[in-house]
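Engineer: Next comes data-v3.txt, compact mmCIF, C-alpha atoms:
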# COMPACT_ATOMS: atom_id res chain seq x y z
CA MET A 13 0.43 -19.82 27.70
CA GLN A 14 3.44 -18.58 25.75
CA GLN A 15 4.67 -15.15 26.84
CA PHE A 16 5.87 -12.42 24.48
CA ASP A 17 6.33 -8.66 24.54
CA LEU A 18 4.57 -8.16 21.20
CA ILE A 19 2.17 -10.22 19.09
CA ILE A 20 1.66 -9.25 15.45
CA VAL A 21 -1.41 -10.77 13.79
CA GLY A 22 -0.88 -10.74 10.03
CA GLY A 23 2.35 -11.51 8.20
CA GLY A 24 1.70 -9.40 5.11
CA LEU A 25 3.88 -6.50 4.05
CA ALA A 26 2.99 -4.14 6.90
CA GLY A 27 3.07 -6.75 9.66
CA ALA A 28 6.25 -8.46 8.49
CA SER A 29 8.08 -5.16 7.98
CA LEU A 30 7.17 -4.13 11.53
CA ALA A 31 8.67 -7.36 12.86
CA LEU A 32 11.85 -6.90 10.81
CA ALA A 33 12.20 -3.28 11.96
CA LEU A 34 12.41 -4.60 15.55
CA ARG A 35 15.08 -7.23 14.85
CA ASP A 36 17.77 -5.48 16.93
CA THR A 37 15.59 -4.83 19.98
CA ARG A 38 15.19 -6.78 23.21
CA LEU A 39 11.50 -7.38 22.42
CA ARG A 40 10.24 -10.96 22.16
CA ILE A 41 7.92 -11.03 19.15
CA ALA A 42 5.30 -13.49 17.90
CA LEU A 43 4.12 -13.26 14.30
CA VAL A 44 0.87 -15.06 13.51
CA GLU A 45 -0.03 -15.80 9.88
CA ASN A 46 -2.27 -18.43 8.32
CA ASN A 47 -1.01 -18.34 4.73
CA PRO A 48 2.75 -17.93 4.13
CA PRO A 49 3.64 -15.99 0.97
CA HIS A 50 4.83 -17.67 -2.22
CA LEU A 51 6.26 -16.41 -5.48
CA SER A 52 3.78 -16.08 -8.32
CA ASP A 53 4.24 -18.01 -11.52
CA GLY A 54 5.28 -15.46 -14.12
CA TRP A 55 4.59 -11.84 -13.18
CA ASP A 56 2.54 -10.95 -10.11
CA SER A 57 -0.48 -8.82 -10.99
CA ARG A 58 -0.35 -7.27 -7.51
CA ILE A 59 2.08 -4.41 -8.07
CA TYR A 60 3.06 -1.59 -5.73
CA ALA A 61 4.68 1.80 -6.32
CA ILE A 62 7.22 2.34 -3.55
CA SER A 63 8.24 5.90 -2.74
CA PRO A 64 11.90 6.81 -2.07
CA ALA A 65 11.10 7.42 1.61
CA ASN A 66 9.92 3.83 1.91
CA VAL A 67 12.85 2.49 -0.10
CA ALA A 68 14.96 4.00 2.68
CA PHE A 69 12.79 2.18 5.25
CA LEU A 70 13.23 -1.15 3.43
CA GLU A 71 16.97 -0.50 3.32
CA SER A 72 17.00 0.13 7.06
CA ILE A 73 15.37 -3.24 7.83
CA GLY A 74 17.82 -5.09 5.56
CA ALA A 75 15.29 -6.13 2.90
CA TRP A 76 15.93 -3.84 -0.06
CA ARG A 77 19.37 -5.18 -1.01
CA HIS A 78 18.04 -8.75 -1.20
CA LEU A 79 15.23 -7.99 -3.65
CA ASP A 80 15.71 -9.20 -7.22
CA ALA A 81 16.75 -6.11 -9.20
CA SER A 82 15.70 -7.79 -12.46
CA ARG A 83 12.07 -7.78 -11.23
CA MET A 84 12.01 -4.08 -10.31
CA ALA A 85 11.58 -0.95 -12.43
CA PRO A 86 12.36 2.64 -11.45
CA ILE A 87 9.91 5.42 -12.25
CA ARG A 88 11.86 8.26 -13.84
CA ALA A 89 8.94 10.24 -15.25
CA MET A 90 5.17 10.55 -14.85
CA GLN A 91 2.54 11.80 -17.27
CA ILE A 92 -0.93 12.56 -15.92
CA GLN A 93 -3.70 13.52 -18.32
CA GLY A 94 -7.09 14.97 -17.48
CA ASP A 95 -10.37 14.41 -19.27
CA GLY A 96 -10.26 17.57 -21.37
CA GLY A 97 -6.74 18.36 -22.46
CA GLY A 98 -5.25 18.89 -19.01
CA ARG A 99 -1.78 17.48 -18.38
CA LEU A 100 0.85 17.23 -15.65
CA ASP A 101 4.41 16.01 -16.25
CA PHE A 102 6.89 15.05 -13.54
CA SER A 103 10.55 14.21 -14.10
CA ALA A 104 13.10 12.75 -11.71
CA PHE A 105 15.84 14.65 -13.54
CA GLU A 106 14.06 18.00 -13.19
CA THR A 107 13.36 17.29 -9.53
CA GLY A 108 17.00 16.46 -8.85
CA VAL A 109 16.54 12.82 -7.85
CA SER A 110 17.50 9.56 -9.53
CA GLU A 111 13.94 8.18 -9.54
CA LEU A 112 10.45 9.14 -8.42
CA GLY A 113 9.77 5.67 -7.09
CA TRP A 114 10.06 1.95 -7.80
CA ILE A 115 7.56 -0.60 -9.11
CA LEU A 116 7.74 -3.95 -7.30
CA GLU A 117 5.71 -7.13 -7.24
CA SER A 118 3.92 -7.82 -3.98
CA SER A 119 5.05 -11.44 -3.87
CA GLN A 120 8.73 -10.51 -4.29
CA MET A 121 8.62 -8.26 -1.24
CA ALA A 122 6.47 -10.62 0.81
CA CYS A 123 8.74 -13.63 0.22
CA GLU A 124 11.89 -11.67 1.05
CA PHE A 125 10.33 -10.38 4.26
CA TRP A 126 9.28 -13.90 5.19
CA GLU A 127 12.72 -15.40 4.61
CA SER A 128 14.28 -12.67 6.74
CA ALA A 129 11.69 -13.27 9.45
CA LYS A 130 12.61 -16.97 9.60
CA ARG A 131 16.19 -16.02 10.49
CA GLN A 132 15.30 -13.39 13.10
CA GLY A 133 16.47 -14.37 16.58
CA ASN A 134 13.85 -12.52 18.64
CA LEU A 135 10.92 -13.60 16.45
CA THR A 136 8.76 -16.73 16.71
CA LEU A 137 6.60 -17.58 13.69
CA PHE A 138 3.23 -19.23 14.15
CA CYS A 139 2.29 -20.39 10.67
CA PRO A 140 -0.06 -21.74 9.56
CA ALA A 141 -2.06 -20.37 12.47
CA ARG A 142 -5.53 -18.88 12.68
CA PRO A 143 -6.72 -16.60 15.53
CA ASP A 144 -9.76 -17.97 17.32
CA GLY A 145 -10.22 -15.75 20.35
CA LEU A 146 -8.93 -12.52 21.81
CA GLU A 147 -9.20 -11.05 25.29
CA PHE A 148 -7.73 -7.92 26.78
CA ARG A 149 -6.68 -8.03 30.40
CA GLN A 150 -5.37 -5.16 32.48
CA ASP A 151 -1.74 -6.18 31.93
CA ALA A 152 -1.82 -8.24 28.70
CA ALA A 153 -3.55 -9.15 25.45
CA VAL A 154 -4.26 -12.88 25.22
CA LEU A 155 -4.64 -14.49 21.81
CA HIS A 156 -6.13 -17.95 21.35
CA LEU A 157 -5.23 -19.83 18.17
CA SER A 158 -7.48 -22.42 16.53
CA ASP A 159 -5.07 -25.26 17.39
CA GLY A 160 -5.37 -24.51 21.11
CA THR A 161 -2.16 -22.50 21.44
CA VAL A 162 -2.46 -19.48 23.72
CA LEU A 163 -0.19 -16.43 23.39
CA SER A 164 0.13 -13.49 25.74
CA ALA A 165 1.84 -10.12 25.28
CA ARG A 166 1.78 -6.58 26.59
CA LEU A 167 0.85 -5.34 23.11
CA LEU A 168 -0.99 -6.90 20.18
CA VAL A 169 -0.78 -5.36 16.70
CA GLY A 170 -3.48 -5.98 14.11
CA ALA A 171 -1.89 -6.14 10.66
CA ASP A 172 -4.45 -8.47 9.14
CA GLY A 173 -5.80 -6.40 6.25
CA ARG A 174 -8.81 -4.29 5.46
CA ASP A 175 -11.28 -6.89 6.77
CA SER A 176 -9.23 -7.17 9.95
CA TRP A 177 -10.37 -9.87 12.36
CA VAL A 178 -8.44 -8.15 15.13
CA ARG A 179 -10.15 -4.80 14.55
CA GLN A 180 -13.61 -6.33 14.47
CA THR A 181 -13.02 -8.57 17.48
CA ALA A 182 -11.66 -5.64 19.50
CA GLY A 183 -14.72 -3.56 18.61
CA LEU A 184 -12.87 -0.74 16.82
CA VAL A 185 -15.16 0.95 14.30
CA ALA A 186 -14.31 1.18 10.60
CA VAL A 187 -16.36 3.65 8.56
CA ASN A 188 -16.58 2.28 5.03
CA THR A 189 -17.69 4.30 2.01
CA PRO A 190 -18.06 2.04 -1.05
CA TYR A 191 -17.09 3.73 -4.29
CA GLY A 192 -19.22 1.53 -6.53
CA GLU A 193 -16.00 0.83 -8.42
CA LYS A 194 -13.52 -1.98 -8.83
CA GLY A 195 -9.82 -1.85 -9.41
CA LEU A 196 -8.95 -3.99 -12.42
CA VAL A 197 -5.33 -5.18 -12.50
CA ALA A 198 -3.39 -7.05 -15.19
CA ASN A 199 0.07 -7.11 -16.75
CA PHE A 200 0.90 -6.62 -20.43
CA ALA A 201 3.82 -6.73 -22.84
CA THR A 202 4.05 -3.50 -24.86
CA GLU A 203 4.94 -2.84 -28.48
CA LYS A 204 6.85 0.35 -27.62
CA PRO A 205 9.28 0.98 -24.72
CA HIS A 206 7.87 2.83 -21.74
CA ASN A 207 11.22 4.46 -20.89
CA ASN A 208 10.46 4.02 -17.18
CA THR A 209 7.51 6.38 -17.42
CA ALA A 210 4.29 5.94 -15.44
CA PHE A 211 1.11 7.11 -17.19
CA GLN A 212 -2.26 8.02 -15.72
CA TRP A 213 -5.48 9.07 -17.42
CA PHE A 214 -8.56 10.57 -15.74
CA ARG A 215 -11.33 9.33 -17.99
CA ASP A 216 -15.12 9.38 -18.03
CA ASP A 217 -15.04 5.66 -17.16
CA GLY A 218 -12.56 5.98 -14.29
CA VAL A 219 -8.83 6.33 -13.72
CA LEU A 220 -6.37 4.23 -15.73
CA ALA A 221 -2.71 3.88 -14.76
CA TYR A 222 0.17 2.25 -16.64
CA LEU A 223 3.04 1.31 -14.31
CA PRO A 224 6.41 0.33 -15.82
CA LEU A 225 7.80 -3.16 -15.29
CA PRO A 226 11.26 -4.35 -16.42
CA GLY A 227 11.62 -4.60 -20.18
CA ASN A 228 8.70 -3.79 -22.45
CA ARG A 229 6.12 -4.68 -19.81
CA ILE A 230 3.57 -2.75 -17.78
CA SER A 231 1.10 -3.36 -15.01
CA ILE A 232 -2.21 -1.54 -15.13
CA VAL A 233 -4.73 -0.44 -12.53
CA TRP A 234 -8.07 0.66 -13.97
CA SER A 235 -10.41 2.05 -11.31
CA THR A 236 -13.78 1.93 -12.98
CA PRO A 237 -17.50 1.40 -12.16
CA ASP A 238 -18.45 -2.14 -11.17
CA GLY A 239 -20.31 -2.95 -14.37
CA HIS A 240 -17.51 -1.75 -16.61
CA ALA A 241 -14.90 -3.68 -14.60
CA ASP A 242 -16.97 -6.86 -14.88
CA GLU A 243 -17.35 -6.30 -18.62
CA LEU A 244 -13.60 -5.87 -19.07
CA CYS A 245 -12.86 -9.03 -17.10
CA SER A 246 -15.23 -11.01 -19.34
CA LEU A 247 -13.52 -9.96 -22.59
CA SER A 248 -11.23 -12.21 -24.57
CA SER A 249 -7.51 -11.53 -24.24
CA GLU A 250 -7.40 -9.88 -27.66
CA LEU A 251 -10.34 -7.56 -26.96
CA LEU A 252 -9.06 -6.64 -23.52
CA CYS A 253 -5.68 -5.72 -24.98
CA GLU A 254 -7.38 -3.53 -27.58
CA ARG A 255 -9.56 -1.77 -25.00
CA VAL A 256 -6.68 -1.07 -22.62
CA ALA A 257 -4.40 0.14 -25.43
CA GLU A 258 -7.10 2.46 -26.81
CA ALA A 259 -7.91 3.81 -23.34
CA GLY A 260 -4.23 4.68 -23.05
CA SER A 261 -4.25 6.51 -26.39
CA LEU A 262 -1.98 3.81 -27.86
CA VAL A 263 0.92 5.55 -26.14
CA LEU A 264 2.80 2.23 -25.93
CA GLY A 265 1.38 0.71 -29.10
CA LYS A 266 -0.25 -2.71 -29.14
CA LEU A 267 -0.48 -4.75 -25.96
CA GLU A 268 -0.18 -8.47 -25.23
CA LEU A 269 -1.75 -9.92 -22.08
CA LEU A 270 0.69 -11.51 -19.62
CA THR A 271 -1.56 -12.18 -16.62
CA ALA A 272 -5.30 -12.76 -16.42
CA PRO A 273 -7.24 -9.69 -15.29
CA ALA A 274 -8.59 -9.53 -11.74
CA ALA A 275 -10.85 -6.95 -10.13
CA PHE A 276 -11.40 -6.03 -6.48
CA PRO A 277 -14.00 -3.67 -4.95
CA LEU A 278 -12.83 -0.19 -3.92
CA ARG A 279 -13.86 1.69 -0.82
CA LEU A 280 -12.72 4.49 1.40
CA MET A 281 -12.17 3.22 4.94
CA ARG A 282 -11.60 5.50 7.89
CA VAL A 283 -10.82 4.08 11.32
CA PRO A 284 -11.31 6.91 13.85
CA GLN A 285 -9.54 5.01 16.63
CA THR A 286 -6.52 2.89 15.61
CA VAL A 287 -5.31 2.18 19.16
CA ALA A 288 -6.82 0.94 22.41
CA PRO A 289 -5.32 -0.46 25.60
CA ARG A 290 -2.99 -3.33 24.55
CA LEU A 291 -3.84 -2.85 20.86
CA ALA A 292 -2.60 -0.97 17.77
CA LEU A 293 -3.53 -1.27 14.09
CA VAL A 294 -1.19 -0.88 11.12
CA GLY A 295 -1.52 -1.05 7.34
CA ASP A 296 -4.83 -1.82 5.68
CA ALA A 297 -6.34 -2.72 9.05
CA ALA A 298 -5.99 0.95 9.98
CA HIS A 299 -6.98 2.73 6.75
CA GLY A 300 -8.09 2.31 3.16
CA ILE A 301 -7.65 4.75 0.27
CA HIS A 302 -8.46 4.96 -3.43
CA PRO A 303 -5.66 3.39 -5.52
CA LEU A 304 -5.34 6.37 -7.89
CA SER A 305 -2.36 7.65 -5.89
CA GLY A 306 -0.64 4.25 -5.75
CA HIS A 307 0.41 4.95 -2.16
CA GLY A 308 -1.60 2.45 -0.10
CA ILE A 309 1.33 0.27 0.92
CA ASN A 310 3.50 3.34 1.51
CA LEU A 311 1.14 4.36 4.31
CA GLY A 312 1.43 0.85 5.75
CA PHE A 313 5.23 0.94 5.70
CA GLN A 314 5.19 4.34 7.41
CA ASP A 315 2.86 2.91 10.08
CA ALA A 316 5.36 0.11 10.68
CA MET A 317 8.35 2.46 10.73
CA THR A 318 6.70 4.89 13.15
CA LEU A 319 5.49 2.23 15.58
CA ALA A 320 8.79 0.34 15.43
CA GLY A 321 10.75 3.50 16.16
CA GLN A 322 8.57 4.24 19.16
CA LEU A 323 8.85 0.67 20.50
CA ALA A 324 12.61 0.51 19.95
CA ALA A 325 13.08 3.66 22.04
CA THR A 326 11.40 2.20 25.13
CA GLN A 327 13.16 0.96 28.26
CA PRO A 328 12.51 -2.46 29.83
CA TRP A 329 10.31 -0.94 32.53
CA HIS A 330 8.03 0.85 30.05
CA ASP A 331 4.61 -0.68 29.45
CA ILE A 332 4.28 -0.70 25.64
CA GLY A 333 0.62 -1.62 25.82
CA GLN A 334 -0.56 1.40 27.75
CA GLU A 335 -3.06 3.46 25.80
CA ARG A 336 -1.24 6.70 26.64
CA PHE A 337 1.91 5.30 25.02
CA LEU A 338 -0.01 4.09 21.96
CA GLN A 339 -1.79 7.42 21.52
CA ARG A 340 1.56 8.89 20.48
CA TYR A 341 1.65 6.46 17.55
CA GLN A 342 -1.93 7.29 16.59
CA ARG A 343 -1.25 11.04 16.63
CA ALA A 344 1.95 10.62 14.63
CA ARG A 345 0.14 8.78 11.82
CA ARG A 346 -3.23 10.54 11.79
CA GLU A 347 -2.29 13.67 9.83
CA GLU A 348 -0.56 11.95 6.91
CA THR A 349 -3.23 9.26 6.64
CA MET A 350 -6.09 11.79 6.64
CA LEU A 351 -4.27 13.99 4.12
CA MET A 352 -3.77 11.12 1.68
CA GLN A 353 -7.33 9.84 2.13
CA THR A 354 -8.81 13.30 1.63
CA THR A 355 -6.61 14.10 -1.36
CA THR A 356 -7.33 10.89 -3.25
CA ASP A 357 -11.04 11.01 -2.45
CA SER A 358 -11.27 14.67 -3.52
CA LEU A 359 -9.46 14.00 -6.80
CA ARG A 360 -11.80 11.12 -7.54
CA ARG A 361 -14.83 13.31 -6.83
CA LEU A 362 -13.41 16.17 -8.89
CA PHE A 363 -13.20 14.01 -12.01
CA LYS A 364 -16.40 12.01 -11.43
CA ASN A 365 -19.99 13.16 -11.77
CA SER A 366 -19.04 16.83 -11.58
CA PRO A 367 -20.97 19.66 -13.36
CA PRO A 368 -20.04 19.97 -17.06
CA GLY A 369 -18.75 23.50 -16.55
CA LEU A 370 -16.12 22.23 -14.11
CA ARG A 371 -14.31 20.11 -16.72
CA PRO A 372 -12.51 22.97 -18.50
CA LEU A 373 -11.60 24.56 -15.17
CA ARG A 374 -9.99 21.47 -13.68
CA ASN A 375 -8.07 20.76 -16.87
CA LEU A 376 -6.98 24.40 -17.03
CA GLY A 377 -5.75 24.04 -13.46
CA MET A 378 -3.65 21.03 -14.43
CA ASN A 379 -2.10 22.92 -17.35
CA LEU A 380 -1.37 25.98 -15.23
CA THR A 381 0.31 23.83 -12.59
CA ASN A 382 2.28 22.06 -15.30
CA GLY A 383 3.73 25.41 -16.34
CA LEU A 384 4.90 26.34 -12.83
CA PRO A 385 8.09 24.37 -12.05
CA LEU A 386 8.31 25.56 -8.45
CA ILE A 387 4.85 24.25 -7.60
CA LYS A 388 5.41 21.01 -9.48
CA ASN A 389 8.69 20.37 -7.70
CA ALA A 390 7.11 21.15 -4.34
CA LEU A 391 4.35 18.61 -5.02
CA VAL A 392 6.69 15.84 -6.11
CA ARG A 393 9.21 16.50 -3.33
CA TYR A 394 6.45 16.21 -0.76
CA ALA A 395 5.46 12.85 -2.21
CA LEU A 396 9.09 11.70 -2.27
CA GLY A 397 9.86 12.68 1.28
CA ALA A 398 6.61 12.39 3.17
CA LEU A 399 5.21 9.12 1.83
What is this file in structure tokens?
Structural biologist:
Amino acid sequence: MQQFDLIIVGGGLAGASLALALRDTRLRIALVENNPPHLSDGWDSRIYAISPANVAFLESIGAWRHLDASRMAPIRAMQIQGDGGGRLDFSAFETGVSELGWILESSQMACEFWESAKRQGNLTLFCPARPDGLEFRQDAAVLHLSDGTVLSARLLVGADGRDSWVRQTAGLVAVNTPYGEKGLVANFATEKPHNNTAFQWFRDDGVLAYLPLPGNRISIVWSTPDGHADELCSLSSELLCERVAEAGSLVLGKLELLTAPAAFPLRLMRVPQTVAPRLALVGDAAHGIHPLSGHGINLGFQDAMTLAGQLAATQPWHDIGQERFLQRYQRARREETMLMQTTTDSLRRLFKNSPPGLRPLRNLGMNLTNGLPLIKNALVRYALGAL
């Protein structure tokens, strides 16, 4: 049995960032991952919008400065349009910041995290490695790997995604609410420059977002009913480009497909209890939200930052696996997670299957908000600083 202070199951963005955030501590860490990351050929269709607060977190763990700047695009403006003439405009300049966020490829971040993890002195990588058994003793969590290796630690962190093996094996309940929708993602070259503007449309067939990539390129996320998503995926490249361009009001002109479309099912996932004796959950293992806000990974990074800060502040005699200690982490993350889940779910419900008379009211509300700079700035500054 190999002894550690902390075992992290899952080497994705949340799990790897947690390990990196603990690089200067006395903790002995094991990171267990079955599939190491690799760079995508061409442009990665898995794109994330990173808030300034989380850029600061990535800077603090030494990862941000090593990312390829030529593969990143700042967001300097946002245009959000309702389904009946409503509109909201946000500007970095008007808010007094240099950018509202950054668009990054998942594989770029994952590979940089992984290379940093390989060089970390207090971290042992087990990869490829698959968990096969888990038991919780009074003083330790014991993890059995499929190759017969046995690891023990005072605390085990589940960072293994929304279908978390750790969460299920530990018996923590996840309440899933399927949306009956899929998120269709793809990358395109654009006829017109996007000028580092992100666009979002609330439509009768879902929510469509254009996210700026370097050059005349965008990544899209179209959250739409299952049947419509399947139909879009089955179209030829030419027809798909036409449909996506028309859905975006031809704001960037004609489109050319760069990556094949892919669609994944959407669901709201609430995990009432994200800690237990010897166990904590982070990232998608702990929560799931609708992608219309683009903030899913931001919540995961904030989980990692909060838990790492709490662990780094401990003394050698502290038991980091005690439930009372872990409850502090759960309380610290509960409010923000619930707020983001409730906000995104409420927005989706507001623009979907609502009474016809509500359409002019919600669009009027968008236009009224758009004309009130103080409220707009308060909204965007909250997003910049709290997420």
Engineer: When you count all atoms listed in the file, which of these residues is closest to Val109 (chain A): A:Ser128, A:Ser63, A:Asn134, A:Thr354?
Structural biologist: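 Closest to Val109 (chain A), using all atoms listed in the file: A:Ser63.
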Engineer: Using only C-alpha atoms, which of A:Phe200, A:Trp114, A:Tyr60, A:Tyr341 sits nearest Ala272 (chain A)?
Structural biologist: A:Phe200
Engineer: Need the shell around region 36-48 of chain A: protein/DNA/RNA residues with any atom at most 7 Å away, counting only C-alpha atoms. Skip same-chain ones fewer than 4 positions apart. Format as a ChimeraX atom specification?
Structural biologist: /A:16-23,134-142,324
Engineer: Identify the residues around (-17.9, 2.0, 10.3) within a radius of 8 Å, measuring from all atoms listed in the file in the coordinates stated by the file, and give them as a compact mmCIF listing (two decimals) with C-alpha atoms, in the coordinates of the input.
Structural biologist:
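Contents of result.txt, freshly written:
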# COMPACT_ATOMS: atom_id res chain seq x y z
CA VAL A 185 -15.16 0.95 14.30
CA ALA A 186 -14.31 1.18 10.60
CA VAL A 187 -16.36 3.65 8.56
CA ASN A 188 -16.58 2.28 5.03
CA MET A 281 -12.17 3.22 4.94
CA ARG A 282 -11.60 5.50 7.89
CA VAL A 283 -10.82 4.08 11.32
Engineer: Using all atoms listed in the file, find the one residue out of A:Glu124, A:Glu347, A:Asp216, A:Glu111 that sits nearest to Ile73 (chain A).
Structural biologist: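 Looking at the shortest contact to Ile73 (chain A), the residue is A:Glu124.
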Engineer: Using Å and a single decimal, report how far CA of Ser57 (chain A) sits from CA of Pro273 (chain A).
Structural biologist: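 About the pair CA of Pro273 (chain A) and CA of Ser57 (chain A): they are 8.1 Å apart.
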Engineer: Which of these residues is nearest to Phe69 (chain A), using all atoms listed in the file: A:Ala316, A:Ala85, A:Leu338, A:Leu280?
Structural biologist: A:Ala316
Engineer: Of the candidates A:Glu268, A:Asp296, A:Glu127, A:Glu117, which shows the shortest atom-to-atom distance to Trp177 (chain A), using all atoms listed in the file?
Structural biologist: A:Asp296
Engineer: Find, counting only C-alpha atoms, the residue in A:Asn208, A:Thr356, A:Ser235, A:Gln285 that gets nearest to Leu223 (chain A).
Structural biologist: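 Counting only C-alpha atoms, the residue closest to Leu223 (chain A) is A:Asn208.
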Engineer: Expressed in Å to a single decimal, how great is the separation between CA of Ala275 (chain A) and CA of Val197 (chain A)?
Structural biologist: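 Spanning CA of Ala275 (chain A) to CA of Val197 (chain A) is a straight-line distance of 6.3 Å.
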Engineer: Measure the distance from CA of Glu147 (chain A) to CA of Gln339 (chain A) in Å and round it to one decimal.
Structural biologist: 20.3 Å
Engineer: Neighbours of Glu193 (chain A) within 8 Å (all atoms listed in the file; same-chain residues fewer than 4 positions away dropped), as a PyMOL selection string?
Structural biologist: chain A and resi 235-238+241+277-279
Engineer: Do you know which residues are at most 7 Å from Ala33 (chain A) counting only C-alpha atoms, after dropping those on the same chain fewer than 3 positions away, and could you put them as a PyMOL selection string?
Structural biologist: chain A and resi 29-30+73+320
Engineer: Write out as a tab-separated table (two decimals) with C-alpha atoms, in the coordinates of the input which residues come within 9 Å of Thr161 (chain A) when counting all atoms listed in the file, dropping same-chain ones fewer than 5 positions away.
Structural biologist:
chain	number	residue	atom	x	y	z
A	13	MET	CA	0.43	-19.82	27.70
A	14	GLN	CA	3.44	-18.58	25.75
A	155	LEU	CA	-4.64	-14.49	21.81
A	156	HIS	CA	-6.13	-17.95	21.35
Engineer: Can you pull out every residue within 8 Å of Asp56 (chain A), counting only C-alpha atoms, but drop anything in the same chain fewer than 6 positions away, and send it as a list in words?
Structural biologist: Glu117, Ser118, Ser119 and Thr271 of chain A
Engineer: Using all atoms listed in the file, can you list as a list in words the residues within 8 Å of (0.3, 7.6, 7.7)?
Structural biologist: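 Here the neighbourhood of the point contains Leu311, Gly312, Gln314, Asp315, Ala344, Arg345, Arg346, Glu347, Glu348, Thr349, Met350 and Leu399 of chain A.
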Engineer: Limited to C-alpha atoms, could you put the picked residues into a file as a PDB file, in the frame of the given file?
Structural biologist:
ATOM      1  CA  LEU A 311       1.140   4.360   4.310  1.00  0.00           C
ATOM      2  CA  GLY A 312       1.430   0.850   5.750  1.00  0.00           C
ATOM      3  CA  GLN A 314       5.190   4.340   7.410  1.00  0.00           C
ATOM      4  CA  ASP A 315       2.860   2.910  10.080  1.00  0.00           C
ATOM      5  CA  ALA A 344       1.950  10.620  14.630  1.00  0.00           C
ATOM      6  CA  ARG A 345       0.140   8.780  11.820  1.00  0.00           C
ATOM      7  CA  ARG A 346      -3.230  10.540  11.790  1.00  0.00           C
ATOM      8  CA  GLU A 347      -2.290  13.670   9.830  1.00  0.00           C
ATOM      9  CA  GLU A 348      -0.560  11.950   6.910  1.00  0.00           C
ATOM     10  CA  THR A 349      -3.230   9.260   6.640  1.00  0.00           C
ATOM     11  CA  MET A 350      -6.090  11.790   6.640  1.00  0.00           C
ATOM     12  CA  LEU A 399       5.210   9.120   1.830  1.00  0.00           C
TER      13      LEU A 399
END
